[in-house]
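Student: Next comes the structure file input.cif, holding mmCIF, C-alpha atoms.
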```cif
data_protein
loop_
_atom_site.label_atom_id
_atom_site.label_comp_id
_atom_site.auth_asym_id
_atom_site.auth_seq_id
_atom_site.Cartn_x
_atom_site.Cartn_y
_atom_site.Cartn_z
CA MET A 2 9.50 -2.89 47.66
CA SER A 3 8.63 -2.28 44.03
CA LYS A 4 11.26 -0.72 41.80
CA GLY A 5 8.50 0.89 39.75
CA ARG A 6 5.88 0.10 37.14
CA VAL A 7 6.86 -1.02 33.64
CA CYS A 8 4.79 -0.91 30.47
CA LEU A 9 6.05 -3.92 28.51
CA ALA A 10 5.49 -4.45 24.79
CA TYR A 11 4.18 -8.01 25.06
CA SER A 12 3.49 -10.47 22.25
CA GLY A 13 2.84 -13.61 24.28
CA GLY A 14 5.83 -15.38 22.76
CA LEU A 15 8.69 -17.06 24.58
CA ASP A 16 10.96 -13.98 24.61
CA THR A 17 8.51 -11.42 25.98
CA SER A 18 6.98 -13.95 28.39
CA THR A 19 10.47 -14.56 29.77
CA ILE A 20 11.02 -10.80 30.05
CA LEU A 21 7.68 -10.40 31.87
CA VAL A 22 8.52 -13.01 34.52
CA TRP A 23 12.11 -11.78 34.82
CA LEU A 24 10.93 -8.20 35.44
CA LEU A 25 8.53 -9.44 38.11
CA GLN A 26 11.39 -11.34 39.74
CA GLN A 27 13.40 -8.10 39.75
CA ASP A 28 10.56 -6.50 41.77
CA TYR A 29 8.97 -4.45 39.01
CA GLN A 30 5.22 -4.17 38.53
CA VAL A 31 4.30 -4.84 34.90
CA VAL A 32 1.50 -3.68 32.64
CA CYS A 33 1.53 -5.66 29.40
CA TYR A 34 0.73 -3.85 26.17
CA LEU A 35 -0.05 -5.13 22.68
CA GLY A 36 -0.81 -2.94 19.67
CA ASP A 37 -3.29 -4.29 17.14
CA VAL A 38 -1.73 -3.21 13.85
CA GLY A 39 -3.49 -5.88 11.83
CA GLN A 40 -1.35 -8.88 12.75
CA ILE A 41 -2.78 -12.38 12.85
CA GLU A 42 -3.21 -12.82 16.61
CA ASP A 43 -5.48 -14.34 19.27
CA PHE A 44 -5.57 -11.31 21.54
CA ALA A 45 -7.70 -13.00 24.21
CA GLU A 46 -5.17 -15.83 24.49
CA VAL A 47 -2.28 -13.37 24.82
CA GLU A 48 -4.17 -11.45 27.53
CA ALA A 49 -4.93 -14.61 29.50
CA LYS A 50 -1.27 -15.64 29.38
CA ALA A 51 0.00 -12.24 30.52
CA LEU A 52 -2.37 -12.08 33.47
CA LYS A 53 -1.63 -15.69 34.47
CA LEU A 54 2.10 -14.93 34.53
CA GLY A 55 1.55 -12.01 36.89
CA ALA A 56 0.96 -8.85 34.87
CA GLU A 57 -1.06 -6.19 36.70
CA ALA A 58 -3.04 -5.48 33.56
CA PHE A 59 -3.13 -6.21 29.86
CA VAL A 60 -4.00 -3.50 27.34
CA VAL A 61 -4.58 -3.89 23.61
CA GLU A 62 -5.30 -0.89 21.37
CA ASN A 63 -6.60 -1.14 17.81
CA LEU A 64 -4.17 0.97 15.82
CA GLN A 65 -5.06 -0.08 12.29
CA LYS A 66 -6.76 3.18 11.30
CA GLU A 67 -4.01 5.28 12.90
CA LEU A 68 -1.41 3.29 11.00
CA ILE A 69 -3.15 3.63 7.62
CA ASP A 70 -4.24 7.26 7.97
CA ASP A 71 -1.20 8.74 9.73
CA VAL A 72 1.72 6.85 8.21
CA VAL A 73 0.87 4.45 5.37
CA SER A 74 -1.03 7.16 3.51
CA ARG A 75 2.09 9.36 3.57
CA ALA A 76 4.21 6.45 2.39
CA ILE A 77 1.92 6.07 -0.62
CA MET A 78 1.95 9.83 -1.26
CA CYS A 79 5.74 9.91 -1.56
CA ASN A 80 6.13 6.40 -3.06
CA ALA A 81 8.32 5.50 -0.09
CA ILE A 82 10.86 2.76 -0.61
CA PHE A 83 14.15 1.86 1.11
CA GLU A 84 17.14 0.75 -0.95
CA ASP A 85 14.96 0.37 -4.05
CA GLN A 86 13.05 -2.68 -2.79
CA TYR A 87 11.78 -2.54 0.80
CA LEU A 88 8.39 -0.85 1.30
CA LEU A 89 9.07 -0.28 5.02
CA GLY A 90 6.22 -2.41 6.39
CA THR A 91 7.73 -2.92 9.85
CA ALA A 92 9.15 0.60 10.13
CA LEU A 93 5.79 2.19 9.26
CA ALA A 94 4.08 0.57 12.25
CA ARG A 95 6.69 1.29 14.92
CA PRO A 96 5.94 5.00 15.56
CA ILE A 97 2.22 4.26 15.90
CA ILE A 98 2.90 1.46 18.40
CA ALA A 99 5.32 3.69 20.33
CA ARG A 100 2.79 6.53 20.52
CA SER A 101 0.13 4.14 21.78
CA MET A 102 2.49 2.70 24.39
CA ILE A 103 3.14 6.19 25.73
CA ARG A 104 -0.61 6.73 26.09
CA VAL A 105 -0.96 3.49 28.04
CA ALA A 106 2.12 4.19 30.17
CA GLU A 107 0.71 7.56 31.16
CA LYS A 108 -2.72 6.11 31.94
CA TYR A 109 -1.21 3.46 34.23
CA ASN A 110 1.45 5.76 35.76
CA CYS A 111 4.33 3.67 34.46
CA ASP A 112 7.89 4.73 35.26
CA TYR A 113 9.49 2.60 32.53
CA LEU A 114 8.89 1.30 29.04
CA SER A 115 10.31 -2.07 28.02
CA HIS A 116 10.49 -4.12 24.83
CA GLY A 117 11.92 -7.39 23.55
CA ALA A 118 13.85 -6.02 20.58
CA THR A 119 17.32 -7.51 20.19
CA GLY A 120 20.58 -5.61 20.43
CA LYS A 121 21.40 -6.16 16.75
CA GLY A 122 18.18 -4.98 15.16
CA ASN A 123 16.55 -1.77 13.99
CA ASP A 124 13.49 -1.98 16.22
CA GLN A 125 15.31 -1.13 19.44
CA VAL A 126 16.37 2.13 17.80
CA ARG A 127 12.94 2.84 16.30
CA PHE A 128 11.08 2.25 19.56
CA GLU A 129 13.46 4.07 21.86
CA LEU A 130 13.94 7.15 19.69
CA ALA A 131 10.17 7.41 19.46
CA PHE A 132 9.70 6.92 23.22
CA LEU A 133 12.23 9.61 24.05
CA ALA A 134 10.78 12.11 21.58
CA LEU A 135 7.22 11.49 22.78
CA LYS A 136 8.04 11.56 26.50
CA PRO A 137 11.60 12.78 27.14
CA SER A 138 11.42 11.92 30.85
CA ILE A 139 10.56 8.24 30.37
CA LYS A 140 13.01 5.55 31.43
CA ILE A 141 13.65 2.49 29.28
CA LEU A 142 14.46 -1.11 30.16
CA ALA A 143 15.89 -3.04 27.21
CA PRO A 144 16.58 -6.54 28.59
CA TRP A 145 18.53 -7.73 25.57
CA ARG A 146 21.08 -5.01 26.39
CA ILE A 147 21.19 -5.60 30.16
CA PRO A 148 24.34 -7.63 30.97
CA GLU A 149 22.82 -9.84 33.66
CA PHE A 150 19.88 -10.70 31.40
CA ILE A 151 21.92 -11.61 28.34
CA GLU A 152 24.41 -13.57 30.45
CA ARG A 153 21.54 -15.67 31.79
CA PHE A 154 19.75 -16.12 28.47
CA GLN A 155 22.31 -16.90 25.80
CA GLY A 156 20.07 -18.92 23.53
CA ARG A 157 16.68 -20.54 23.08
CA ALA A 158 17.68 -23.46 25.34
CA ASP A 159 18.14 -21.04 28.26
CA LEU A 160 14.75 -19.43 27.57
CA LEU A 161 13.03 -22.83 27.49
CA LYS A 162 14.75 -23.89 30.72
CA PHE A 163 13.56 -20.69 32.44
CA ALA A 164 10.05 -21.24 31.07
CA SER A 165 9.98 -24.76 32.47
CA GLU A 166 11.20 -23.59 35.88
CA ASN A 167 8.65 -20.77 36.07
CA ASN A 168 5.57 -22.43 34.57
CA ILE A 169 5.58 -20.27 31.45
CA PRO A 170 3.38 -21.97 28.84
CA VAL A 171 5.30 -22.80 25.67
CA SER A 172 3.57 -23.62 22.40
CA SER A 173 3.69 -27.29 21.46
CA THR A 174 3.83 -26.27 17.80
CA PRO A 175 7.42 -26.57 16.55
CA LYS A 176 8.99 -23.14 16.12
CA ALA A 177 9.55 -22.12 12.50
CA PRO A 178 13.26 -21.88 11.63
CA TRP A 179 12.93 -18.11 11.11
CA SER A 180 11.35 -15.18 12.95
CA LYS A 181 8.24 -13.36 11.74
CA ASP A 182 6.68 -9.97 12.37
CA ASP A 183 3.42 -8.98 10.70
CA ASN A 184 0.94 -6.14 10.50
CA ILE A 185 -1.73 -4.93 8.09
CA VAL A 186 0.99 -3.77 5.67
CA HIS A 187 3.15 -6.88 5.40
CA SER A 188 4.78 -9.91 6.94
CA SER A 189 8.53 -9.88 7.44
CA TYR A 190 10.74 -12.93 7.86
CA GLU A 191 14.36 -13.04 9.00
CA ALA A 192 16.95 -14.93 11.06
CA GLY A 193 17.31 -18.70 11.39
CA ILE A 194 17.77 -20.42 8.04
CA LEU A 195 17.36 -17.06 6.28
CA GLU A 196 20.68 -15.85 7.66
CA ASP A 197 22.28 -17.73 4.75
CA PRO A 198 21.60 -15.21 1.96
CA ASP A 199 21.70 -18.01 -0.62
CA GLN A 200 19.06 -20.12 1.14
CA THR A 201 15.85 -20.22 -0.88
CA PRO A 202 12.88 -19.32 1.34
CA PRO A 203 10.65 -22.39 1.78
CA LYS A 204 7.22 -22.27 0.19
CA ASN A 205 5.43 -22.29 3.55
CA LEU A 206 7.27 -19.17 4.75
CA TRP A 207 5.04 -16.66 2.94
CA ASP A 208 1.65 -16.08 4.60
CA ARG A 209 0.38 -12.84 3.02
CA THR A 210 0.70 -14.00 -0.59
CA VAL A 211 -0.06 -17.28 -2.32
CA ASP A 212 2.73 -18.78 -4.39
CA PRO A 213 2.48 -17.05 -7.79
CA LYS A 214 2.63 -20.51 -9.38
CA ASP A 215 -0.57 -21.40 -7.52
CA ALA A 216 -2.35 -18.12 -8.25
CA PRO A 217 -5.46 -18.19 -10.49
CA ASP A 218 -5.00 -18.57 -14.23
CA GLN A 219 -7.47 -15.70 -14.69
CA SER A 220 -6.26 -12.16 -13.97
CA THR A 221 -8.06 -9.88 -11.50
CA GLU A 222 -8.99 -6.44 -12.85
CA PHE A 223 -9.76 -3.61 -10.45
CA SER A 224 -9.51 0.16 -10.02
CA VAL A 225 -7.94 2.42 -7.39
CA HIS A 226 -9.38 5.92 -6.92
CA PHE A 227 -7.28 8.76 -5.45
CA GLU A 228 -8.23 12.13 -3.98
CA LYS A 229 -5.24 14.44 -3.49
CA GLY A 230 -2.90 11.48 -3.18
CA LEU A 231 -5.10 9.54 -0.76
CA ILE A 232 -6.88 6.34 -1.75
CA SER A 233 -10.60 7.19 -1.71
CA LYS A 234 -12.02 3.98 -3.18
CA VAL A 235 -11.07 0.53 -4.44
CA VAL A 236 -13.38 -1.37 -6.77
CA VAL A 237 -13.03 -5.01 -7.84
CA GLY A 238 -15.95 -6.82 -9.43
CA ASP A 239 -19.02 -6.09 -7.33
CA LYS A 240 -16.92 -5.18 -4.26
CA GLU A 241 -16.32 -1.54 -3.38
CA ALA A 242 -14.43 -0.14 -0.39
CA THR A 243 -14.29 3.54 0.56
CA ASP A 244 -13.05 3.43 4.16
CA SER A 245 -9.26 3.82 4.32
CA VAL A 246 -8.65 0.59 6.26
CA GLU A 247 -11.14 -1.46 4.28
CA SER A 248 -9.72 -0.15 0.99
CA PHE A 249 -6.25 -1.23 2.05
CA LYS A 250 -7.52 -4.64 3.14
CA LEU A 251 -9.21 -5.09 -0.23
CA LEU A 252 -5.91 -4.34 -1.99
CA ASN A 253 -4.26 -6.84 0.38
CA GLN A 254 -6.80 -9.46 -0.63
CA ILE A 255 -6.22 -8.83 -4.36
CA GLY A 256 -2.48 -9.04 -3.85
CA TYR A 257 -2.72 -12.14 -1.66
CA GLU A 258 -4.84 -14.07 -4.12
CA ASN A 259 -2.55 -13.23 -7.05
CA GLY A 260 0.81 -13.60 -5.27
CA VAL A 261 1.77 -9.92 -5.62
CA GLY A 262 4.36 -8.20 -3.45
CA ARG A 263 7.17 -10.60 -2.53
CA VAL A 264 10.74 -9.37 -2.12
CA ASP A 265 13.86 -11.08 -0.78
CA ILE A 266 16.67 -8.59 -0.03
CA VAL A 267 19.84 -7.91 1.89
CA GLU A 268 19.50 -4.49 3.49
CA ASN A 269 21.77 -2.15 5.41
CA ARG A 270 20.51 -1.72 8.96
CA PHE A 271 20.85 1.66 10.68
CA ILE A 272 23.26 0.20 13.25
CA GLY A 273 25.70 -0.77 10.49
CA LEU A 274 25.00 -4.48 9.94
CA LYS A 275 23.74 -6.09 6.75
CA SER A 276 20.66 -8.25 7.19
CA ARG A 277 18.68 -10.55 4.91
CA GLY A 278 14.94 -10.02 5.00
CA CYS A 279 11.99 -11.51 3.12
CA TYR A 280 8.81 -9.46 2.88
CA ASP A 281 5.40 -9.96 1.33
CA THR A 282 3.59 -6.65 1.01
CA PRO A 283 0.60 -7.16 -1.28
CA GLY A 284 -1.62 -4.10 -0.81
CA LEU A 285 1.09 -1.48 -0.53
CA THR A 286 2.89 -2.85 -3.60
CA ILE A 287 -0.29 -2.34 -5.62
CA ALA A 288 -1.10 1.05 -4.07
CA ARG A 289 2.38 2.38 -4.82
CA LEU A 290 2.22 1.22 -8.45
CA ALA A 291 -1.20 2.85 -8.93
CA HIS A 292 -0.07 6.09 -7.31
CA LEU A 293 3.07 6.30 -9.42
CA SER A 294 1.01 5.80 -12.56
CA LEU A 295 -1.44 8.59 -11.68
CA GLU A 296 1.39 10.97 -10.79
CA GLY A 297 2.85 10.42 -14.26
CA LEU A 298 -0.37 11.84 -15.68
CA VAL A 299 -1.01 14.80 -13.38
CA MET A 300 2.20 15.91 -11.63
CA ASP A 301 4.56 18.58 -12.95
CA GLY A 302 7.78 16.93 -14.11
CA ARG A 303 10.14 19.27 -12.30
CA VAL A 304 8.19 18.99 -9.03
CA ARG A 305 8.25 15.23 -9.35
CA GLU A 306 11.99 15.23 -9.99
CA LEU A 307 12.68 17.29 -6.87
CA ARG A 308 10.29 15.21 -4.79
CA ASP A 309 11.88 11.93 -5.93
CA GLN A 310 15.45 13.14 -5.44
CA PHE A 311 14.97 14.58 -1.98
CA VAL A 312 11.60 14.11 -0.31
CA SER A 313 10.87 10.44 -1.08
CA LEU A 314 14.41 9.32 -0.40
CA THR A 315 14.69 11.27 2.85
CA TRP A 316 11.24 10.35 4.18
CA SER A 317 11.95 6.66 3.54
CA ARG A 318 15.33 6.83 5.25
CA LEU A 319 13.87 8.67 8.25
CA LEU A 320 11.16 6.06 8.71
CA TYR A 321 13.62 3.19 8.36
CA ASN A 322 15.97 4.74 10.92
CA GLY A 323 13.25 5.46 13.47
CA MET A 324 13.14 9.24 13.00
CA PHE A 325 9.39 9.64 12.54
CA PHE A 326 9.09 11.98 15.52
CA SER A 327 11.72 14.42 14.27
CA PRO A 328 11.68 18.01 12.99
CA GLU A 329 13.11 16.96 9.64
CA ARG A 330 10.30 14.45 9.06
CA GLU A 331 7.71 17.14 9.84
CA PHE A 332 9.52 19.56 7.53
CA ILE A 333 9.63 17.34 4.47
CA GLU A 334 6.16 15.89 5.03
CA ASN A 335 4.73 19.32 4.29
CA SER A 336 6.24 18.95 0.83
CA VAL A 337 4.78 15.45 0.52
CA VAL A 338 1.25 16.72 1.12
CA PHE A 339 1.68 19.92 -0.93
CA CYS A 340 2.75 18.12 -4.10
CA GLN A 341 -0.36 15.92 -4.03
CA HIS A 342 -3.00 18.62 -4.60
CA ASN A 343 -3.60 17.49 -8.21
CA VAL A 344 -3.11 13.74 -7.64
CA THR A 345 -6.77 12.94 -8.09
CA GLY A 346 -8.06 10.35 -10.52
CA VAL A 347 -8.59 6.68 -11.25
CA VAL A 348 -6.08 3.96 -12.12
CA ARG A 349 -7.22 0.67 -13.64
CA LEU A 350 -5.03 -2.34 -12.95
CA SER A 351 -4.73 -6.08 -13.37
CA ALA A 352 -3.10 -8.57 -11.00
CA TYR A 353 -1.83 -11.86 -12.35
CA LYS A 354 0.54 -14.52 -11.02
CA GLY A 355 2.93 -12.42 -8.96
CA ASN A 356 2.63 -9.08 -10.71
CA ALA A 357 0.34 -6.09 -10.97
CA TYR A 358 0.00 -4.14 -14.22
CA VAL A 359 -1.49 -0.75 -15.02
CA LEU A 360 -4.20 -0.89 -17.70
CA GLY A 361 -4.99 2.81 -17.83
CA ARG A 362 -5.41 6.00 -15.84
CA SER A 363 -7.66 9.08 -15.99
CA SER A 364 -8.03 12.42 -14.22
CA ASN A 365 -9.86 15.72 -14.46
CA ALA A 366 -7.64 17.40 -11.88
CA SER A 367 -4.78 18.53 -14.15
CA ASN A 368 -4.35 20.01 -17.62
CA LEU A 369 -0.73 18.91 -17.97
CA TYR A 370 -1.49 15.95 -20.24
CA SER A 371 -3.19 16.71 -23.57
CA GLU A 372 -3.99 14.05 -26.13
CA GLN A 373 -3.81 16.71 -28.82
CA ASP A 374 -0.39 17.98 -27.69
CA ALA A 375 0.96 14.43 -27.47
CA SER A 376 -0.51 13.26 -30.79
CA MET A 377 1.85 12.54 -33.67
CA ASP A 378 -1.03 13.35 -36.01
CA SER A 379 -1.53 16.98 -34.92
CA LEU A 380 0.68 20.07 -34.95
CA GLU A 381 -1.91 22.43 -33.47
CA GLY A 382 -0.33 24.63 -30.83
CA PHE A 383 3.16 23.28 -31.53
CA SER A 384 5.75 24.29 -34.11
CA PRO A 385 8.42 21.68 -34.93
CA MET A 386 10.67 24.55 -36.09
CA ASP A 387 10.83 25.84 -32.52
CA THR A 388 12.69 22.68 -31.56
CA THR A 389 15.62 23.77 -33.74
CA GLY A 390 16.32 26.69 -31.43
CA PHE A 391 15.73 24.53 -28.35
CA ILE A 392 18.36 22.03 -29.50
CA ALA A 393 20.80 24.80 -30.43
CA ILE A 394 20.59 26.36 -26.96
CA GLN A 395 20.97 23.01 -25.21
CA ALA A 396 24.01 22.21 -27.40
CA ILE A 397 26.05 25.35 -26.55
CA ARG A 398 27.87 23.90 -23.56
CA LEU A 399 28.03 20.40 -25.07
CA LYS A 400 29.81 21.74 -28.16
CA LYS A 401 32.31 23.55 -25.92
CA PHE A 402 32.82 20.33 -23.94
CA GLY A 403 33.51 18.43 -27.17
CA GLU A 404 35.90 21.13 -28.43
CA GLN A 405 37.87 21.03 -25.20
CA LYS A 406 38.13 17.25 -25.38
CA ILE A 407 39.54 17.50 -28.93
CA LYS A 408 42.03 20.16 -27.80
CA ASP A 409 43.15 17.91 -24.93
CA GLY A 410 43.72 15.00 -27.31
CA GLN A 411 40.80 13.05 -25.86
CA PRO A 412 38.13 13.34 -28.58
CA LEU A 413 34.76 11.94 -27.56
CA ALA A 414 34.46 10.16 -30.91
CA LYS A 415 37.42 7.98 -30.03
CA SER A 416 36.26 4.61 -28.68
#
```
Show me, as structure tokens, the structure contained in the file I just sent.

Tutor:
Amino acid sequence: MSKGRVCLAYSGGLDTSTILVWLLQQDYQVVCYLGDVGQIEDFAEVEAKALKLGAEAFVVENLQKELIDDVVSRAIMCNAIFEDQYLLGTALARPIIARSMIRVAEKYNCDYLSHGATGKGNDQVRFELAFLALKPSIKILAPWRIPEFIERFQGRADLLKFASENNIPVSSTPKAPWSKDDNIVHSSYEAGILEDPDQTPPKNLWDRTVDPKDAPDQSTEFSVHFEKGLISKVVVGDKEATDSVESFKLLNQIGYENGVGRVDIVENRFIGLKSRGCYDTPGLTIARLAHLSLEGLVMDGRVRELRDQFVSLTWSRLLYNGMFFSPEREFIENSVVFCQHNVTGVVRLSAYKGNAYVLGRSSNASNLYSEQDASMDSLEGFSPMDTTGFIAIQAIRLKKFGEQKIKDGQPLAKS
């Protein structure tokens, strides 16, 4: 008698293929699911493998537009970044995949959701918090936290032995000594040889950027157009993209060809462990730079300060920790969208051997920047004498601070 139907996040790899067969052996019915978030994948091959191993059905949903329009666009709007370096490529895709899995689970009347995320990583948290917010009644099977599963499969040798015993096809291509996850935003690499934080990533690790040393000797000039914080067009040479997904792919191509967007970091996972990760994120690196440059021209300085101190930091942390489907994310995202009403204009850039550079920016959406006001050759509308009073007012408390230090025998002038 069946224990119920499971919707399994299935990649076709050794781990999730093992989980599929193990679930079937435990008398579950299994529907395999794969979200197309722009990864390099042979979806037909994955489907054939799942069905051959015994899955009731295989479902793939194209989520690229959902990912770009619903999440990546907001990341660009608030210049999202985690611990000053990570552009959240993996974390951005997880809520979209989770939402899609819920749709499939409901369509196929699944009682459980299951995934192959390990017990030490962030993804187990991201997926399961999303599942439970989206469908509070759903039950979850996380094999890598089930004692009998992890006792049986304590390493790759055990997985390979099980595969051999159960006719699970295993790729003849030698496994890379690291793990990889990719989507339209980035590729991420971790584990294996990368667990030594002083191990230089091998040249063949990176697949979304060419080695900057091998990038063209001629720079690539292009422009990014924004409408209220959203990318509306990307132009490079005689190529022009206006669709949100195609615009992002064009930025990816520019970044790939010029080796833009590599980072190698040690980050602090939500569960408390430090982890080394390598990421190449070409398009989003460029988009974020362009957006920051335009905001400098059109956004009020005090609004930007508040946004950067609270909204950007909090939104990034929420996405990293798997809190996309939370009231606090909805709350602060209203501020993200609101502060973008004047972020309309064009940014011209150049990409060259591992870096992107801003060449100029323009906008008709804001009157905050004035060439005349900024000019050192004009005093129209500005009196230098007014600055005397401004300095005097700002100095009141600083003078009192200095006086108190002298009184306490700790003069600030003393080195």

Student: Restricting the calculation to all atoms listed in the file, which member of A:Gly346, A:Arg75, A:Ile266, A:Ala49 is positioned closest to Glu331 in chain A?

Tutor: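 With all atoms listed in the file as the atom set, the closest residue is A:Arg75.
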
Student: To one decimal place in Å, what is the distance between CA of Asp182 in chain A and CA of Thr91 in chain A?

Tutor: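 For CA of Asp182 in chain A relative to CA of Thr91 in chain A, the distance reads 7.6 Å.
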
Student: Residues within 12 Å of (-5.7, -12.4, 26.2), file coordinates, counting all atoms listed in the file: what are they? Give the list as a PyMOL selection string.

Tutor: chain A and resi 11-13+33-35+42-54+56+58-61

Student: For each of A:Leu206, A:Val264, A:Leu9, A:Leu15, take the minimum atom-to-atom distance to Asn356 in chain A, counting only C-alpha atoms, then give the residue where this is smallest.

Tutor: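 Among the listed residues, the smallest separation from Asn356 in chain A belongs to A:Val264.
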
Student: Which residues are close to Leu319 in chain A, i.e. within 12 Å by all atoms listed in the file, leaving aside same-chain residues fewer than 2 positions away? Reply as a PyMOL selection string.

Tutor: chain A and resi 76+81-83+89+92-93+96+126-127+130-131+271+311-317+321-334

Student: Which protein, DNA or RNA residues have an atom at most 12 Å from (1.3, 20.0, -20.3), counting all atoms listed in the file? List them as an mmCIF file with C-alpha atoms, in the frame of the given file.

Tutor:
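Generated file (point.cif):
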```cif
data_model
loop_
_atom_site.group_PDB
_atom_site.id
_atom_site.type_symbol
_atom_site.label_atom_id
_atom_site.label_comp_id
_atom_site.auth_asym_id
_atom_site.auth_seq_id
_atom_site.Cartn_x
_atom_site.Cartn_y
_atom_site.Cartn_z
ATOM 1 C CA GLY A 297 2.850 10.420 -14.260
ATOM 2 C CA LEU A 298 -0.370 11.840 -15.680
ATOM 3 C CA VAL A 299 -1.010 14.800 -13.380
ATOM 4 C CA MET A 300 2.200 15.910 -11.630
ATOM 5 C CA ASP A 301 4.560 18.580 -12.950
ATOM 6 C CA GLY A 302 7.780 16.930 -14.110
ATOM 7 C CA ARG A 303 10.140 19.270 -12.300
ATOM 8 C CA SER A 367 -4.780 18.530 -14.150
ATOM 9 C CA ASN A 368 -4.350 20.010 -17.620
ATOM 10 C CA LEU A 369 -0.730 18.910 -17.970
ATOM 11 C CA TYR A 370 -1.490 15.950 -20.240
ATOM 12 C CA SER A 371 -3.190 16.710 -23.570
ATOM 13 C CA GLU A 372 -3.990 14.050 -26.130
ATOM 14 C CA GLN A 373 -3.810 16.710 -28.820
ATOM 15 C CA ASP A 374 -0.390 17.980 -27.690
ATOM 16 C CA ALA A 375 0.960 14.430 -27.470
ATOM 17 C CA GLY A 382 -0.330 24.630 -30.830
ATOM 18 C CA PHE A 383 3.160 23.280 -31.530
#
```

Student: Would you translate the PyMOL selection byres ((chain A and resi 272) around 8) into the concrete set of residues it matches in this file, as a VMD selection string?

Tutor: chain A and resid 121 to 123 270 to 271 273 to 274

Student: If we count all atoms listed in the file and set the cut-off at 9 Å, which residues sit around range 133-135 of chain A, ignoring sequence neighbours fewer than 4 positions away in its own chain? Please answer as a ChimeraX atom specification.

Tutor: /A:99-100,103,128-129,139-141,326-327

Student: Work out how far CA of Val261 in chain A is from CA of Asp281 in chain A, in Å to one decimal.

Tutor: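 If I compute the distance from CA of Asp281 in chain A to CA of Val261 in chain A, I get 7.8 Å.
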
Student: Tyr358 in chain A: which residues within 12 Å, counting all atoms listed in the file, same-chain residues fewer than 5 positions away excluded, as a list in words?

Tutor: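 So the residues in contact are Ser220, Thr221, Glu222, Phe223, Ser224, Gly256, Asn259, Val261, Thr286, Ile287, Ala288, Arg289, Leu290, Ala291, Leu293, Ser294, Val348, Arg349, Leu350, Ser351, Ala352 and Tyr353 of chain A.
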
Student: Restricting the calculation to only C-alpha atoms: of A:Gln30, A:Asn80, A:Gln219, A:Thr345, which residue gets closest to Asn110 in chain A?

Tutor: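 Ranking A:Gln30, A:Asn80, A:Gln219, A:Thr345 by distance to Asn110 in chain A, first place goes to A:Gln30.
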
Student: Residues within 7 Å of range 413-415 of chain A, please, as a PyMOL selection string. Count all atoms listed in the file; anything in the same chain fewer than 2 positions from it doesn't count.

Tutor: chain A and resi 403+406+411

Student: Write out the residues from the selection above, keeping C-alpha atoms, as a PDB file, in the coordinates of the input.

Tutor:
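Ended up saving to again-v8.pdb:
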```pdb
ATOM      1  CA  GLY A 403      33.510  18.430 -27.170  1.00  0.00           C
ATOM      2  CA  LYS A 406      38.130  17.250 -25.380  1.00  0.00           C
ATOM      3  CA  GLN A 411      40.800  13.050 -25.860  1.00  0.00           C
TER       4      GLN A 411
END
```

Student: Please provide as JSON, numbers by chain all residues within 9 Å of Gln341 in chain A, with the sequence filter that same-chain residues fewer than 5 positions apart are discarded (counting only C-alpha atoms).

Tutor: {"A": [78, 79, 228, 229, 230, 231, 296, 300, 336]}

Student: Edge lengths and centre in Å to one decimal, as AutoDock Vina command-line options, is what I'm after for the box along x, y and z that holds all listed atoms of range 384-403 of chain A once 6 Å is added on each side.

Tutor:
```
--center_x 19.6 --center_y 22.6 --center_z -29.8 --size_x 39.8 --size_y 20.3 --size_z 24.5
```

Student: Can you work out which one of A:Thr389, A:Ala216, A:Asn205, A:Thr19 has the shortest atom-to-atom distance to Lys162 in chain A, counting all atoms listed in the file?

Tutor: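 Closest to Lys162 in chain A, using all atoms listed in the file: A:Thr19.
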
Student: Which of these, A:Tyr280, A:Glu57, A:Phe150, A:Pro412, has the shortest distance to Ser180 in chain A once you count all atoms listed in the file?

Tutor: A:Tyr280

Student: Point out the residue among A:Gly260, A:Ile98, A:Leu64, A:Glu152 with the least atom-to-atom distance to Asp215 in chain A, counting only C-alpha atoms.

Tutor: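 Ranking A:Gly260, A:Ile98, A:Leu64, A:Glu152 by distance to Asp215 in chain A, first place goes to A:Gly260.
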